[in-house]
Amino acid sequence: MEKTDVMKKDTPEAAQELLSIENLSIRFRQYENGRGRRAFRQAFLPVITDLNVTVRRGEVVAVVGASGSGKSLLAHAVLGLLPANAFLEGSIRYRGRRIGPQDRAAGGALFADRQEPGGTGGIALVPQSVTWLDPLMKIGKQVLAGRRTAAAKERMRTLFAGYGLSEEVEKRYPHECSGGMIRRILLVAALMDDPELIIADEPTPGMDEALAGQAMEELREFADAGKGVLLITHDIELALRGADRIAVFYAGTTVEVAEAADFEKEELLRHPYTKALWRAMPANGFSPIEGSQPYAKDLPEGCVFQERCPWFGEECRKEIPLRQVRGGLVRCVRV
């Protein structure tokens, strides 16, 4: 796919975009055992290739895929949380403005960043890891994040109560809370401020079904208020309860972007991996497919799903562009 940094035309759709990620590729520099006089040699590990996602105002866009598909790296790339040995290509835009390395470094905070207008402020992260909280600081102080008003404390306690957290939690340290409690605390922290975009990276593991559903409802209400949510999850059934669109990842790339309504019937979907995900859902027979996702070092030429695909042909060994098919996007030449 041709890589470009040209701003999109002034269309109503573009005007409503909060986050636009185009042709994103990420490589990690590594050192491997060399030969002869060279004890080590430099190598690059491609972990994301030509990834595309857009979040508009009023939308919940869910990114789904198996572990190792590159979902969390997407969030880290937007917020500048990649390690020093990572190399990023492609375009990331927030509110129409391209985010450069310096912007992502400024926006890589746990809570919504308060930057000047036009900066990367307004993005709040609900991180996947429960170790993001400072182990030496009480929960209440971390959630308030410098806010000192009575209104802020009241909002925190209201949100705590809504997620089954007592006021006593404010005085606890992270090690005194369970993993499920920490995830709820991180979600509350993201909802405390007034961000325009929430990136929720696996926000519900450790929650029971009722609380997970409530978390999804909160994200849905947030988007309905004219804001946006990028939900990163392996739980496609939960995503379908509140998402508008589903971006399906496989081996570090976007293989399909479909309306959530397309998941009502298998024939409405486009990519064979998406169809396999649909058949693996309990309501659709819980039928898994053989094989596993390839490791980043072992990616085949062309389609990354070719080794498990029943539609595989020689044309699948060539570069596969992301193209529009039946109102969605798909990276497959056989559709």
# chains A, B, ... in the order shown; residues from 1 in each chain; ligands from 1
call {"tool": "select_by_dssp", "arguments": {"residues": "range 164-268 of chain A", "states": "strand (DSSP E)", "output": "PyMOL selection string"}}
result
chain A and resi 197-201+228-233+245-250+253-259
call {"tool": "closest_residue", "arguments": {"among": "A:Ile139, A:Ile182, A:Asn85, A:Lys265", "to": "Glu167 in chain A", "atoms": "only C-alpha atoms"}}
result
A:Ile139
call {"tool": "atom_distance", "arguments": {"atom1": "CA of Glu17 in chain A", "atom2": "CA of Thr253 in chain A"}}
result
21.0 Å
call {"tool": "residues_around", "arguments": {"residues": "Ala251 in chain A", "least_positions_apart": "6", "cutoff": "8 Å", "atoms": "only C-alpha atoms", "output": "number ranges by chain"}}
result
A: 47-48, 68-70, 293-296, 299, 304
call {"tool": "atom_distance", "arguments": {"atom1": "CA of Glu259 in chain A", "atom2": "CA of Gly328 in chain A"}}
result
7.1 Å
call {"tool": "residues_around", "arguments": {"residues": "Val61 in chain A", "least_positions_apart": "6", "cutoff": "8 Å", "atoms": "only C-alpha atoms", "output": "PyMOL selection string"}}
result
chain A and resi 54-55+229-231+243-247
call {"tool": "closest_residue", "arguments": {"among": "A:Ala151, A:Ile232, A:Ala190, A:Ala200", "to": "Ser67 in chain A", "atoms": "only C-alpha atoms"}}
result
A:Ile232
call {"tool": "atom_distance", "arguments": {"atom1": "CA of Gly65 in chain A", "atom2": "CA of Met281 in chain A"}}
result
13.0 Å
call {"tool": "closest_residue", "arguments": {"among": "A:Lys297, A:Pro127, A:Met181, A:Ser166", "to": "Phe28 in chain A", "atoms": "only C-alpha atoms"}}
result
A:Lys297
call {"tool": "closest_residue", "arguments": {"among": "A:Glu170, A:Leu51, A:Ala145, A:Gly162", "to": "Val330 in chain A", "atoms": "only C-alpha atoms"}}
result
A:Leu51
call {"tool": "closest_residue", "arguments": {"among": "A:Cys316, A:Cys332, A:Leu74, A:Ala212", "to": "Ser25 in chain A", "atoms": "only C-alpha atoms"}}
result
A:Leu74
call {"tool": "decode", "arguments": {"residues": "range 314-329 of chain A", "atoms": "all heavy atoms", "output": "short mmCIF file (atom, residue, chain, number, x, y, z; two decimals), in the first residue's frame"}}
result
data_model
loop_
_atom_site.label_atom_id
_atom_site.label_comp_id
_atom_site.auth_asym_id
_atom_site.auth_seq_id
_atom_site.Cartn_x
_atom_site.Cartn_y
_atom_site.Cartn_z
N GLU A 314 -1.74 -19.04 -5.13
CA GLU A 314 -0.44 -18.43 -5.38
C GLU A 314 -0.49 -16.91 -5.35
O GLU A 314 0.48 -16.25 -5.00
CB GLU A 314 0.09 -18.92 -6.73
CG GLU A 314 0.63 -20.33 -6.70
CD GLU A 314 1.74 -20.50 -5.66
OE1 GLU A 314 2.68 -19.67 -5.64
OE2 GLU A 314 1.65 -21.45 -4.85
N GLU A 315 -1.63 -16.33 -5.75
CA GLU A 315 -1.73 -14.87 -5.74
C GLU A 315 -1.67 -14.31 -4.32
O GLU A 315 -1.42 -13.11 -4.13
CB GLU A 315 -3.03 -14.42 -6.42
CG GLU A 315 -4.31 -14.85 -5.72
CD GLU A 315 -4.84 -16.19 -6.19
OE1 GLU A 315 -4.02 -17.08 -6.50
OE2 GLU A 315 -6.07 -16.33 -6.26
N CYS A 316 -1.87 -15.17 -3.31
CA CYS A 316 -1.84 -14.73 -1.92
C CYS A 316 -0.41 -14.50 -1.42
O CYS A 316 -0.22 -13.99 -0.32
CB CYS A 316 -2.54 -15.75 -1.03
SG CYS A 316 -4.27 -16.06 -1.48
N ARG A 317 0.59 -14.89 -2.21
CA ARG A 317 1.98 -14.68 -1.82
C ARG A 317 2.47 -13.27 -2.18
O ARG A 317 3.58 -12.89 -1.81
CB ARG A 317 2.88 -15.71 -2.49
CG ARG A 317 2.59 -17.15 -2.10
CD ARG A 317 3.65 -18.09 -2.64
NE ARG A 317 3.30 -19.48 -2.45
CZ ARG A 317 3.49 -20.15 -1.33
NH1 ARG A 317 4.03 -19.55 -0.29
NH2 ARG A 317 3.16 -21.43 -1.23
N LYS A 318 1.66 -12.51 -2.89
CA LYS A 318 2.02 -11.16 -3.28
C LYS A 318 1.56 -10.17 -2.20
O LYS A 318 0.88 -10.54 -1.25
CB LYS A 318 1.39 -10.81 -4.62
CG LYS A 318 1.80 -11.75 -5.76
CD LYS A 318 1.08 -11.40 -7.04
CE LYS A 318 1.45 -12.37 -8.16
NZ LYS A 318 0.71 -12.04 -9.41
N GLU A 319 1.93 -8.91 -2.36
CA GLU A 319 1.49 -7.88 -1.41
C GLU A 319 -0.03 -7.76 -1.46
O GLU A 319 -0.63 -7.71 -2.54
CB GLU A 319 2.12 -6.53 -1.76
CG GLU A 319 1.73 -5.43 -0.80
CD GLU A 319 2.39 -4.10 -1.13
OE1 GLU A 319 3.16 -4.06 -2.11
OE2 GLU A 319 2.11 -3.12 -0.42
N ILE A 320 -0.65 -7.73 -0.28
CA ILE A 320 -2.12 -7.69 -0.19
C ILE A 320 -2.54 -6.32 0.33
O ILE A 320 -2.32 -6.00 1.50
CB ILE A 320 -2.66 -8.79 0.74
CG1 ILE A 320 -2.05 -10.15 0.41
CG2 ILE A 320 -4.18 -8.84 0.67
CD1 ILE A 320 -2.41 -10.69 -0.95
N PRO A 321 -3.16 -5.48 -0.49
CA PRO A 321 -3.59 -4.16 -0.02
C PRO A 321 -4.89 -4.25 0.78
O PRO A 321 -5.66 -5.21 0.64
CB PRO A 321 -3.80 -3.38 -1.32
CG PRO A 321 -4.21 -4.43 -2.30
CD PRO A 321 -3.45 -5.68 -1.93
N LEU A 322 -5.14 -3.25 1.59
CA LEU A 322 -6.41 -3.11 2.29
C LEU A 322 -7.37 -2.37 1.37
O LEU A 322 -7.08 -1.25 0.95
CB LEU A 322 -6.21 -2.33 3.59
CG LEU A 322 -7.36 -2.31 4.60
CD1 LEU A 322 -7.61 -3.69 5.17
CD2 LEU A 322 -7.06 -1.32 5.72
N ARG A 323 -8.49 -3.01 1.02
CA ARG A 323 -9.40 -2.40 0.05
C ARG A 323 -10.84 -2.47 0.54
O ARG A 323 -11.17 -3.27 1.43
CB ARG A 323 -9.26 -3.09 -1.31
CG ARG A 323 -9.57 -4.56 -1.28
CD ARG A 323 -9.09 -5.25 -2.57
NE ARG A 323 -9.42 -6.67 -2.56
CZ ARG A 323 -10.53 -7.19 -3.07
NH1 ARG A 323 -11.43 -6.39 -3.66
NH2 ARG A 323 -10.78 -8.48 -3.03
N GLN A 324 -11.69 -1.65 -0.07
CA GLN A 324 -13.09 -1.60 0.31
C GLN A 324 -13.87 -2.71 -0.39
O GLN A 324 -13.77 -2.88 -1.60
CB GLN A 324 -13.69 -0.25 -0.05
CG GLN A 324 -13.16 0.90 0.78
CD GLN A 324 -13.97 2.17 0.60
OE1 GLN A 324 -14.90 2.22 -0.19
NE2 GLN A 324 -13.62 3.20 1.36
N VAL A 325 -14.63 -3.44 0.40
CA VAL A 325 -15.50 -4.50 -0.12
C VAL A 325 -16.79 -4.50 0.68
O VAL A 325 -16.78 -4.60 1.90
CB VAL A 325 -14.83 -5.89 -0.02
CG1 VAL A 325 -15.81 -6.98 -0.45
CG2 VAL A 325 -13.57 -5.96 -0.86
N ARG A 326 -17.91 -4.32 0.02
CA ARG A 326 -19.25 -4.38 0.64
C ARG A 326 -19.35 -3.51 1.88
O ARG A 326 -19.86 -3.93 2.91
CB ARG A 326 -19.63 -5.83 0.96
CG ARG A 326 -19.62 -6.77 -0.23
CD ARG A 326 -20.39 -8.05 0.07
NE ARG A 326 -20.04 -8.66 1.32
CZ ARG A 326 -19.08 -9.57 1.48
NH1 ARG A 326 -18.35 -9.94 0.44
NH2 ARG A 326 -18.84 -10.10 2.66
N GLY A 327 -18.85 -2.30 1.80
CA GLY A 327 -19.00 -1.36 2.91
C GLY A 327 -17.99 -1.52 4.02
O GLY A 327 -18.06 -0.79 5.01
N GLY A 328 -17.06 -2.45 3.89
CA GLY A 328 -16.02 -2.63 4.89
C GLY A 328 -14.65 -2.62 4.23
O GLY A 328 -14.53 -2.40 3.03
N LEU A 329 -13.61 -2.85 5.03
CA LEU A 329 -12.25 -2.93 4.52
C LEU A 329 -11.73 -4.33 4.75
O LEU A 329 -11.97 -4.93 5.81
CB LEU A 329 -11.35 -1.92 5.24
CG LEU A 329 -11.69 -0.43 5.05
CD1 LEU A 329 -10.83 0.42 5.95
CD2 LEU A 329 -11.50 -0.02 3.60
#
